[in-house]
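**Q** The file below is structure.cif, mmCIF, C-alpha atoms and all ligand atoms:
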data_coords
#
loop_
_atom_site.group_PDB
_atom_site.id
_atom_site.type_symbol
_atom_site.label_atom_id
_atom_site.label_comp_id
_atom_site.auth_asym_id
_atom_site.auth_seq_id
_atom_site.Cartn_x
_atom_site.Cartn_y
_atom_site.Cartn_z
ATOM 1 C CA MET A 47 18.354 18.634 -2.657
ATOM 2 C CA LEU A 48 18.372 16.570 0.520
ATOM 3 C CA LYS A 49 18.031 19.691 2.580
ATOM 4 C CA ARG A 50 15.005 20.782 0.642
ATOM 5 C CA LEU A 51 13.342 17.429 1.161
ATOM 6 C CA LYS A 52 14.017 17.619 4.867
ATOM 7 C CA ASN A 53 12.181 20.909 5.046
ATOM 8 C CA TRP A 54 9.252 19.437 3.179
ATOM 9 C CA PHE A 55 8.907 16.824 5.874
ATOM 10 C CA LYS A 56 8.369 19.525 8.454
ATOM 11 C CA LYS A 57 6.265 22.142 6.800
ATOM 12 C CA PRO A 58 2.647 21.504 5.926
ATOM 13 C CA LEU A 59 2.180 20.873 2.245
ATOM 14 C CA SER A 60 1.238 23.837 0.152
ATOM 15 C CA ILE A 61 -1.185 22.450 -2.404
ATOM 16 C CA ARG A 62 -0.655 25.435 -4.659
ATOM 17 C CA GLU A 63 3.083 24.973 -4.571
ATOM 18 C CA GLU A 64 2.778 21.398 -5.782
ATOM 19 C CA GLN A 65 0.108 22.400 -8.303
ATOM 20 C CA LEU A 66 -2.387 19.953 -6.871
ATOM 21 C CA GLN A 67 -6.098 20.599 -6.686
ATOM 22 C CA ALA A 68 -7.112 20.329 -3.052
ATOM 23 C CA GLU A 69 -10.653 19.296 -3.985
ATOM 24 C CA ASN A 70 -9.532 16.351 -6.112
ATOM 25 C CA ILE A 71 -7.178 14.372 -3.895
ATOM 26 C CA PRO A 72 -7.674 10.599 -4.316
ATOM 27 C CA GLU A 73 -9.330 9.082 -1.270
ATOM 28 C CA HIS A 74 -7.478 5.773 -1.571
ATOM 29 C CA VAL A 75 -4.014 5.328 -3.070
ATOM 30 C CA ALA A 76 -2.574 1.826 -3.386
ATOM 31 C CA ILE A 77 1.091 1.225 -4.170
ATOM 32 C CA ILE A 78 2.942 -1.822 -5.471
ATOM 33 C CA MET A 79 6.301 -1.011 -3.931
ATOM 34 C CA ASP A 80 8.616 -2.719 -6.410
ATOM 35 C CA GLY A 81 12.283 -2.585 -7.364
ATOM 36 C CA ASN A 82 14.041 -2.893 -4.026
ATOM 37 C CA GLY A 83 16.251 -5.711 -5.267
ATOM 38 C CA ARG A 84 17.234 -4.008 -8.508
ATOM 39 C CA TRP A 85 17.914 -0.765 -6.690
ATOM 40 C CA ALA A 86 20.344 -2.599 -4.413
ATOM 41 C CA LYS A 87 21.937 -4.480 -7.294
ATOM 42 C CA SER A 88 22.507 -1.263 -9.219
ATOM 43 C CA ARG A 89 24.551 -0.078 -6.247
ATOM 44 C CA GLY A 90 26.448 -3.305 -5.735
ATOM 45 C CA LEU A 91 24.515 -4.026 -2.532
ATOM 46 C CA PRO A 92 22.723 -7.193 -1.417
ATOM 47 C CA ARG A 93 18.968 -7.309 -2.145
ATOM 48 C CA ILE A 94 18.122 -6.956 1.529
ATOM 49 C CA ALA A 95 19.770 -3.535 1.558
ATOM 50 C CA GLY A 96 17.103 -2.526 -0.943
ATOM 51 C CA HIS A 97 14.337 -3.741 1.334
ATOM 52 C CA HIS A 98 15.858 -1.848 4.208
ATOM 53 C CA SER A 99 16.067 1.332 2.192
ATOM 54 C CA GLY A 100 12.500 0.762 0.990
ATOM 55 C CA MET A 101 11.350 1.158 4.577
ATOM 56 C CA LYS A 102 12.436 4.777 4.515
ATOM 57 C CA ALA A 103 10.307 5.316 1.438
ATOM 58 C CA VAL A 104 7.359 3.842 3.341
ATOM 59 C CA LYS A 105 7.817 6.449 6.042
ATOM 60 C CA ARG A 106 8.325 9.254 3.521
ATOM 61 C CA ILE A 107 5.233 8.442 1.463
ATOM 62 C CA THR A 108 3.081 7.826 4.543
ATOM 63 C CA MET A 109 3.910 11.334 5.718
ATOM 64 C CA ALA A 110 3.248 12.811 2.296
ATOM 65 C CA ALA A 111 -0.100 10.998 2.027
ATOM 66 C CA ASP A 112 -1.066 12.268 5.442
ATOM 67 C CA ARG A 113 -0.167 15.852 4.575
ATOM 68 C CA LEU A 114 -2.159 15.645 1.341
ATOM 69 C CA GLY A 115 -5.271 14.485 3.168
ATOM 70 C CA ILE A 116 -5.406 11.071 1.494
ATOM 71 C CA LYS A 117 -7.694 8.890 3.603
ATOM 72 C CA TYR A 118 -6.372 5.389 2.773
ATOM 73 C CA LEU A 119 -2.856 4.350 1.764
ATOM 74 C CA THR A 120 -2.467 0.660 0.928
ATOM 75 C CA LEU A 121 1.086 -0.621 0.540
ATOM 76 C CA TYR A 122 1.823 -3.996 -1.033
ATOM 77 C CA ALA A 123 4.593 -5.257 1.198
ATOM 78 C CA PHE A 124 4.560 -9.040 0.677
ATOM 79 C CA SER A 125 2.530 -11.182 -1.698
ATOM 80 C CA THR A 126 1.362 -14.762 -1.223
ATOM 81 C CA GLU A 127 3.767 -15.566 -4.089
ATOM 82 C CA ASN A 128 6.783 -13.962 -2.402
ATOM 83 C CA TRP A 129 7.221 -17.125 -0.273
ATOM 84 C CA LYS A 130 8.912 -18.566 -3.388
ATOM 85 C CA ARG A 131 11.967 -16.402 -2.679
ATOM 86 C CA PRO A 132 15.106 -17.670 -0.911
ATOM 87 C CA LYS A 133 14.466 -18.275 2.781
ATOM 88 C CA ALA A 134 17.058 -15.718 3.896
ATOM 89 C CA GLU A 135 15.308 -12.959 1.945
ATOM 90 C CA VAL A 136 11.863 -13.978 3.231
ATOM 91 C CA ASP A 137 13.208 -14.044 6.797
ATOM 92 C CA PHE A 138 14.605 -10.559 6.350
ATOM 93 C CA LEU A 139 11.321 -9.245 4.945
ATOM 94 C CA MET A 140 9.403 -10.775 7.859
ATOM 95 C CA ARG A 141 11.578 -8.860 10.327
ATOM 96 C CA LEU A 142 10.830 -5.517 8.698
ATOM 97 C CA PRO A 143 7.393 -4.799 10.217
ATOM 98 C CA GLN A 144 8.895 -5.248 13.666
ATOM 99 C CA GLU A 145 11.846 -3.023 12.859
ATOM 100 C CA PHE A 146 9.708 -0.392 11.144
ATOM 101 C CA LEU A 147 7.130 -0.198 13.906
ATOM 102 C CA ALA A 148 9.717 -0.158 16.700
ATOM 103 C CA ILE A 149 10.982 3.086 15.194
ATOM 104 C CA GLU A 150 7.805 4.592 13.772
ATOM 105 C CA LEU A 151 4.824 3.468 15.856
ATOM 106 C CA GLU A 152 5.107 6.337 18.305
ATOM 107 C CA ASP A 153 5.096 8.846 15.465
ATOM 108 C CA LEU A 154 2.186 7.120 13.748
ATOM 109 C CA ILE A 155 0.172 7.263 16.977
ATOM 110 C CA LYS A 156 1.039 10.933 17.457
ATOM 111 C CA ASN A 157 -0.046 11.748 13.920
ATOM 112 C CA ASN A 158 -3.429 10.051 14.331
ATOM 113 C CA VAL A 159 -2.597 7.351 11.747
ATOM 114 C CA GLN A 160 -4.602 4.129 11.916
ATOM 115 C CA VAL A 161 -2.580 1.030 11.030
ATOM 116 C CA ARG A 162 -4.341 -1.946 9.438
ATOM 117 C CA MET A 163 -3.259 -5.192 7.873
ATOM 118 C CA MET A 164 -4.781 -6.752 4.763
ATOM 119 C CA GLY A 165 -3.613 -10.317 4.235
ATOM 120 C CA TYR A 166 -3.384 -13.834 5.596
ATOM 121 C CA LYS A 167 -2.117 -14.179 9.114
ATOM 122 C CA GLU A 168 -1.480 -17.911 8.673
ATOM 123 C CA GLY A 169 2.154 -18.545 7.869
ATOM 124 C CA LEU A 170 3.483 -15.288 9.282
ATOM 125 C CA PRO A 171 6.043 -15.635 12.103
ATOM 126 C CA ASP A 172 4.879 -14.714 15.622
ATOM 127 C CA TYR A 173 7.181 -11.700 15.872
ATOM 128 C CA THR A 174 5.779 -10.254 12.643
ATOM 129 C CA LEU A 175 2.202 -10.711 13.790
ATOM 130 C CA GLN A 176 2.879 -9.385 17.244
ATOM 131 C CA ALA A 177 4.370 -6.176 15.865
ATOM 132 C CA ILE A 178 1.438 -5.663 13.496
ATOM 133 C CA ASP A 179 -1.206 -6.583 16.075
ATOM 134 C CA GLU A 180 0.291 -4.133 18.542
ATOM 135 C CA ALA A 181 0.295 -1.336 15.961
ATOM 136 C CA VAL A 182 -3.291 -2.116 14.926
ATOM 137 C CA GLU A 183 -4.429 -2.241 18.541
ATOM 138 C CA LYS A 184 -2.684 0.960 19.606
ATOM 139 C CA THR A 185 -3.991 2.940 16.641
ATOM 140 C CA ARG A 186 -7.489 1.491 16.285
ATOM 141 C CA HIS A 187 -9.199 4.637 17.587
ATOM 142 C CA ASN A 188 -7.140 7.013 15.458
ATOM 143 C CA THR A 189 -9.162 8.907 12.889
ATOM 144 C CA GLY A 190 -6.505 10.154 10.446
ATOM 145 C CA LEU A 191 -4.809 8.395 7.543
ATOM 146 C CA VAL A 192 -5.474 4.656 7.333
ATOM 147 C CA LEU A 193 -2.135 2.968 6.638
ATOM 148 C CA ASN A 194 -3.084 -0.424 5.264
ATOM 149 C CA PHE A 195 -0.251 -2.948 4.890
ATOM 150 C CA ALA A 196 -0.934 -5.659 2.324
ATOM 151 C CA LEU A 197 1.141 -8.383 3.900
ATOM 152 C CA ASN A 198 0.926 -11.994 2.794
ATOM 153 C CA TYR A 199 -1.785 -10.751 0.453
ATOM 154 C CA GLY A 200 -2.933 -12.407 -2.760
ATOM 155 C CA SER A 201 -6.043 -11.422 -4.625
ATOM 156 C CA ARG A 202 -6.952 -14.735 -6.259
ATOM 157 C CA MET A 203 -6.880 -16.477 -2.885
ATOM 158 C CA GLU A 204 -8.977 -13.633 -1.476
ATOM 159 C CA VAL A 205 -11.588 -14.122 -4.207
ATOM 160 C CA ILE A 206 -11.601 -17.914 -3.751
ATOM 161 C CA ASP A 207 -12.148 -17.481 -0.011
ATOM 162 C CA ALA A 208 -14.985 -15.047 -0.648
ATOM 163 C CA VAL A 209 -16.640 -17.473 -3.090
ATOM 164 C CA ARG A 210 -16.283 -20.308 -0.562
ATOM 165 C CA ALA A 211 -17.802 -18.246 2.242
ATOM 166 C CA ILE A 212 -20.694 -17.180 0.029
ATOM 167 C CA ALA A 213 -21.269 -20.785 -1.097
ATOM 168 C CA GLU A 214 -21.500 -21.829 2.564
ATOM 169 C CA GLU A 215 -24.085 -19.117 3.218
ATOM 170 C CA VAL A 216 -26.164 -20.249 0.276
ATOM 171 C CA LYS A 217 -25.857 -23.916 1.303
ATOM 172 C CA ALA A 218 -27.014 -23.055 4.817
ATOM 173 C CA GLY A 219 -30.037 -21.247 3.401
ATOM 174 C CA ARG A 220 -28.977 -17.874 4.789
ATOM 175 C CA LEU A 221 -28.442 -16.288 1.384
ATOM 176 C CA GLU A 222 -30.242 -16.452 -1.962
ATOM 177 C CA SER A 223 -27.807 -16.777 -4.842
ATOM 178 C CA ALA A 224 -29.791 -14.070 -6.633
ATOM 179 C CA ALA A 225 -29.019 -11.708 -3.749
ATOM 180 C CA ILE A 226 -25.245 -11.876 -4.336
ATOM 181 C CA SER A 227 -24.193 -8.415 -5.455
ATOM 182 C CA GLU A 228 -21.028 -6.370 -5.901
ATOM 183 C CA GLN A 229 -21.613 -4.904 -2.464
ATOM 184 C CA SER A 230 -22.167 -8.235 -0.767
ATOM 185 C CA LEU A 231 -19.052 -9.736 -2.382
ATOM 186 C CA ASP A 232 -17.056 -6.705 -1.207
ATOM 187 C CA GLY A 233 -17.977 -7.680 2.320
ATOM 188 C CA TYR A 234 -16.203 -11.034 2.013
ATOM 189 C CA LEU A 235 -12.911 -9.651 0.729
ATOM 190 C CA LEU A 236 -9.843 -8.883 2.837
ATOM 191 C CA SER A 237 -10.360 -5.248 1.838
ATOM 192 C CA LYS A 238 -13.818 -5.019 3.408
ATOM 193 C CA ASN A 239 -14.432 -1.633 5.048
ATOM 194 C CA ILE A 240 -11.992 0.030 2.641
ATOM 195 C CA PRO A 241 -13.210 1.729 -0.543
ATOM 196 C CA ASP A 242 -11.706 0.671 -3.874
ATOM 197 C CA PRO A 243 -8.407 2.386 -4.740
ATOM 198 C CA ASP A 244 -8.792 5.559 -6.779
ATOM 199 C CA LEU A 245 -5.173 5.438 -7.866
ATOM 200 C CA LEU A 246 -2.743 2.536 -8.202
ATOM 201 C CA ILE A 247 0.967 3.292 -8.396
ATOM 202 C CA ARG A 248 3.605 0.720 -9.337
ATOM 203 C CA THR A 249 7.282 1.548 -9.194
ATOM 204 C CA SER A 250 10.284 -0.060 -10.932
ATOM 205 C CA GLY A 251 9.031 -0.117 -14.514
ATOM 206 C CA GLU A 252 7.045 -3.368 -14.316
ATOM 207 C CA LEU A 253 3.694 -3.025 -16.068
ATOM 208 C CA ARG A 254 1.613 -5.639 -14.280
ATOM 209 C CA ILE A 255 -0.672 -6.115 -11.293
ATOM 210 C CA SER A 256 1.002 -9.200 -9.756
ATOM 211 C CA ASN A 257 -2.134 -10.547 -8.041
ATOM 212 C CA PHE A 258 -2.916 -7.282 -6.267
ATOM 213 C CA MET A 259 -6.537 -6.209 -5.582
ATOM 214 C CA LEU A 260 -7.875 -7.684 -8.828
ATOM 215 C CA TRP A 261 -11.526 -7.040 -8.025
ATOM 216 C CA GLN A 262 -10.991 -3.703 -6.324
ATOM 217 C CA LEU A 263 -8.929 -2.143 -9.143
ATOM 218 C CA ALA A 264 -11.742 -2.460 -11.710
ATOM 219 C CA TYR A 265 -11.982 1.321 -12.172
ATOM 220 C CA SER A 266 -8.814 2.583 -10.521
ATOM 221 C CA GLU A 267 -6.510 4.927 -12.382
ATOM 222 C CA LEU A 268 -3.134 3.246 -13.011
ATOM 223 C CA TRP A 269 0.183 5.053 -12.883
ATOM 224 C CA PHE A 270 3.566 3.466 -13.505
ATOM 225 C CA THR A 271 7.054 4.819 -13.035
ATOM 226 C CA ASP A 272 10.521 3.463 -13.764
ATOM 227 C CA VAL A 273 11.774 4.756 -10.422
ATOM 228 C CA TYR A 274 12.737 2.009 -7.977
ATOM 229 C CA TRP A 275 10.822 2.063 -4.692
ATOM 230 C CA PRO A 276 13.779 3.088 -2.455
ATOM 231 C CA GLU A 277 14.231 6.226 -4.535
ATOM 232 C CA PHE A 278 10.537 7.082 -4.762
ATOM 233 C CA MET A 279 10.356 10.633 -3.416
ATOM 234 C CA ASP A 280 7.597 13.066 -2.530
ATOM 235 C CA GLU A 281 7.996 14.675 -5.966
ATOM 236 C CA HIS A 282 7.216 11.369 -7.697
ATOM 237 C CA PHE A 283 4.170 10.928 -5.514
ATOM 238 C CA TYR A 284 2.919 14.435 -6.355
ATOM 239 C CA GLU A 285 3.543 13.743 -10.022
ATOM 240 C CA ALA A 286 1.336 10.637 -9.826
ATOM 241 C CA ILE A 287 -1.425 12.617 -8.154
ATOM 242 C CA ARG A 288 -1.126 15.484 -10.614
ATOM 243 C CA GLU A 289 -1.547 12.963 -13.422
ATOM 244 C CA TYR A 290 -4.526 11.424 -11.600
ATOM 245 C CA GLN A 291 -6.115 14.861 -11.424
ATOM 246 C CA ARG A 292 -5.789 15.254 -15.194
ATOM 247 C CA ARG A 293 -7.678 12.020 -15.873
ATOM 248 C CA ALA A 294 -11.405 11.860 -16.617
ATOM 249 C CA ARG A 295 -12.978 8.931 -14.803
ATOM 250 C CA ARG A 296 -15.986 7.752 -16.768
ATOM 251 C CA TYR A 297 -16.834 4.337 -15.266
ATOM 252 C CA GLY A 298 -18.158 3.278 -18.641
ATOM 253 C CA GLY A 299 -20.316 6.357 -19.029
ATOM 254 C CA LEU A 300 -19.756 9.425 -21.181
HETATM 255 C C1 LIG A 401 9.648 -5.200 -3.884
HETATM 256 O O1 LIG A 401 10.939 -5.252 -4.389
HETATM 257 C C2 LIG A 401 9.553 -5.756 -2.487
HETATM 258 C C3 LIG A 401 8.893 -7.068 -2.412
HETATM 259 C C4 LIG A 401 8.346 -7.721 -3.399
HETATM 260 C C5 LIG A 401 8.860 -7.693 -1.113
HETATM 261 P P1 LIG A 401 11.519 -6.567 -5.050
HETATM 262 O O2 LIG A 401 12.162 -7.392 -3.993
HETATM 263 O O3 LIG A 401 10.498 -7.275 -5.854
HETATM 264 O O4 LIG A 401 12.647 -5.962 -5.990
HETATM 265 P P2 LIG A 401 12.955 -6.381 -7.496
HETATM 266 O O5 LIG A 401 11.660 -6.319 -8.226
HETATM 267 O O6 LIG A 401 13.516 -7.752 -7.446
HETATM 268 O O7 LIG A 401 13.919 -5.370 -7.970
HETATM 269 C C1 LIG A 402 4.814 -7.500 -6.234
HETATM 270 O O1 LIG A 402 6.153 -7.451 -6.596
HETATM 271 C C2 LIG A 402 4.691 -7.768 -4.766
HETATM 272 C C3 LIG A 402 5.103 -6.687 -3.885
HETATM 273 C C4 LIG A 402 5.520 -5.513 -4.241
HETATM 274 C C5 LIG A 402 5.007 -6.975 -2.481
HETATM 275 P P1 LIG A 402 6.922 -8.734 -7.152
HETATM 276 O O2 LIG A 402 8.309 -8.284 -7.394
HETATM 277 O O3 LIG A 402 6.736 -9.869 -6.239
HETATM 278 O O4 LIG A 402 6.144 -9.040 -8.503
HETATM 279 P P2 LIG A 402 6.613 -9.790 -9.821
HETATM 280 O O5 LIG A 402 7.200 -11.105 -9.397
HETATM 281 O O6 LIG A 402 7.631 -8.920 -10.471
HETATM 282 O O7 LIG A 402 5.377 -9.910 -10.642
HETATM 283 MG MG MG A 403 9.854 -7.143 -7.743
#
As a first step, turn the structure in this file into structure tokens.
**A**
Amino acid sequence: MLKRLKNWFKKPLSIREEQLQAENIPEHVAIIMDGNGRWAKSRGLPRIAGHHSGMKAVKRITMAADRLGIKYLTLYAFSTENWKRPKAEVDFLMRLPQEFLAIELEDLIKNNVQVRMMGYKEGLPDYTLQAIDEAVEKTRHNTGLVLNFALNYGSRMEVIDAVRAIAEEVKAGRLESAAISEQSLDGYLLSKNIPDPDLLIRTSGELRISNFMLWQLAYSELWFTDVYWPEFMDEHFYEAIREYQRRARRYGGL
């Protein structure tokens, strides 16, 4: 089993083999990577071991997304509510971008991946920001997969900030309130310059959105699995996309 997976990493994906339609690959896949703690607990390990193992899944699914020709992969890594967790766990999570990028940045550069961050920089430790800023800077001209880390991200705060910024524009006489549109609001969100997700995946069996991309998910296809994030494999990812390809997206029409 492991051996087979290893081979998959190396060979280019055969769409036919995975029964995926090459012409209907979602452009933007967003993932709520959940269940690290429960995965660890089920193995008698500390929660942080789950976060560490989850990093490998990030690498695995980034590679799979790249092979499939997905254009944007957004990964929910830390929410604005996750600060409520014990300090030791938060500290560990804040070290992960640095650790991940120290190992993977070279490979990401080589594979033409563009790293971005979607979230609030305020409150993040310097070492976390430095690692992310370096990755963003070194990959900014890459034209392949956009790997978008939702870090210190919260959608209600994002909407409040957008409303505030728009209110300021109106107050200053630069914008007519009647001119506020879906498109113009999009431009004030942390996700500006990224199309709405076509497919949202949440692992670990939780059936909720947890303050993730509330505006942007209006017409996304949702797919949930009981699998914990550290054990989320390429096969699960293909299964989600196969299911996506079976759906009829109507956007309120017929
Ligand atoms: C997801 O796993 C990672 C983050 C939220 C940072 P959890 O840490 O939420 O794991 P569970 O849900 O407690 O199992
Ligand atoms: C959502 O997971 C946030 C991330 C995956 C980063 P949580 O584990 O924080 O969500 P709740 O608390 O179960 O809603
Ligand atoms: Mg959780």
**Q** Report the closest atom pair, with its distance in Å rounded to one decimal, for each residue of stretch 229-274 of chain A that has an atom no farther than 7 Å from stretch 79-94 of chain A; count all atoms listed in the file, sort by chain and then rising residue number, and write it as JSON lines.
**A**
{"residue": "A:Arg248", "atom": "CA", "partner": "A:Met79", "partner_atom": "CA", "distance": 6.3}
{"residue": "A:Thr249", "atom": "CA", "partner": "A:Asp80", "partner_atom": "CA", "distance": 5.3}
{"residue": "A:Ser250", "atom": "CA", "partner": "A:Gly81", "partner_atom": "CA", "distance": 4.8}
{"residue": "A:Tyr274", "atom": "CA", "partner": "A:Gly81", "partner_atom": "CA", "distance": 4.7}
**Q** Taking the file as I've supplied it (selection: the PyMOL selection byres (((chain A and resi 140) around 9) and not hetatm)), which residues are included? Please answer as a list in words.
**A**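 Going through the file, the PyMOL selection byres (((chain A and resi 140) around 9) and not hetatm) ends up selecting Phe124, Glu135, Val136, Asp137, Phe138, Leu139, Arg141, Leu142, Pro143, Gln144, Leu170, Pro171, Tyr173 and Thr174 of chain A.
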**Q** Quick check on the file I pasted: which residues fall under the PyMOL selection byres (((not hetatm)) within 12 of (chain A and resi 402))? Write them as a PyMOL selection string.
**A** chain A and resi 76-84+93+97+100+120-131+136+139-140+165+195-201+247-259+274-275
**Q** Report, in Å to a single decimal, how far apart atom CA of A:Ala224 and atom CA of A:Leu263 are.
**A**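 Atom-to-atom, atom CA of A:Leu263 and atom CA of A:Ala224 are spaced 24.2 Å apart.
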**Q** Report the distance between atom CA of A:Arg162 and atom CA of A:Asp272 in Å, rounded to one decimal place.
**A** 28.1 Å
**Q** Nearest residue to ligand MG 403 (chain A) out of A:Met203, A:Ala134, A:Gly115, A:Gly96, using only C-alpha atoms and all ligand atoms?
**A**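 The closest residue to ligand MG 403 (chain A) is A:Gly96.
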**Q** For atom CA of A:Gln229 and atom CA of A:Tyr265, quote the distance in Å rounded to one decimal.
**A**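 That distance, rounded to one decimal, is 15.0 Å.
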**Q** Which neighbours of A:Met279 fall inside 8 Å, counting only C-alpha atoms, when residues of the same chain fewer than 5 positions from it are skipped, and could you give them as a tab-separated table (two decimals) with C-alpha atoms, in the frame of the given file?
**A**
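Below is the file selection_34.tsv, written as the result:
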chain	number	residue	atom	x	y	z
A	103	ALA	CA	10.31	5.32	1.44
A	106	ARG	CA	8.32	9.25	3.52
A	107	ILE	CA	5.23	8.44	1.46
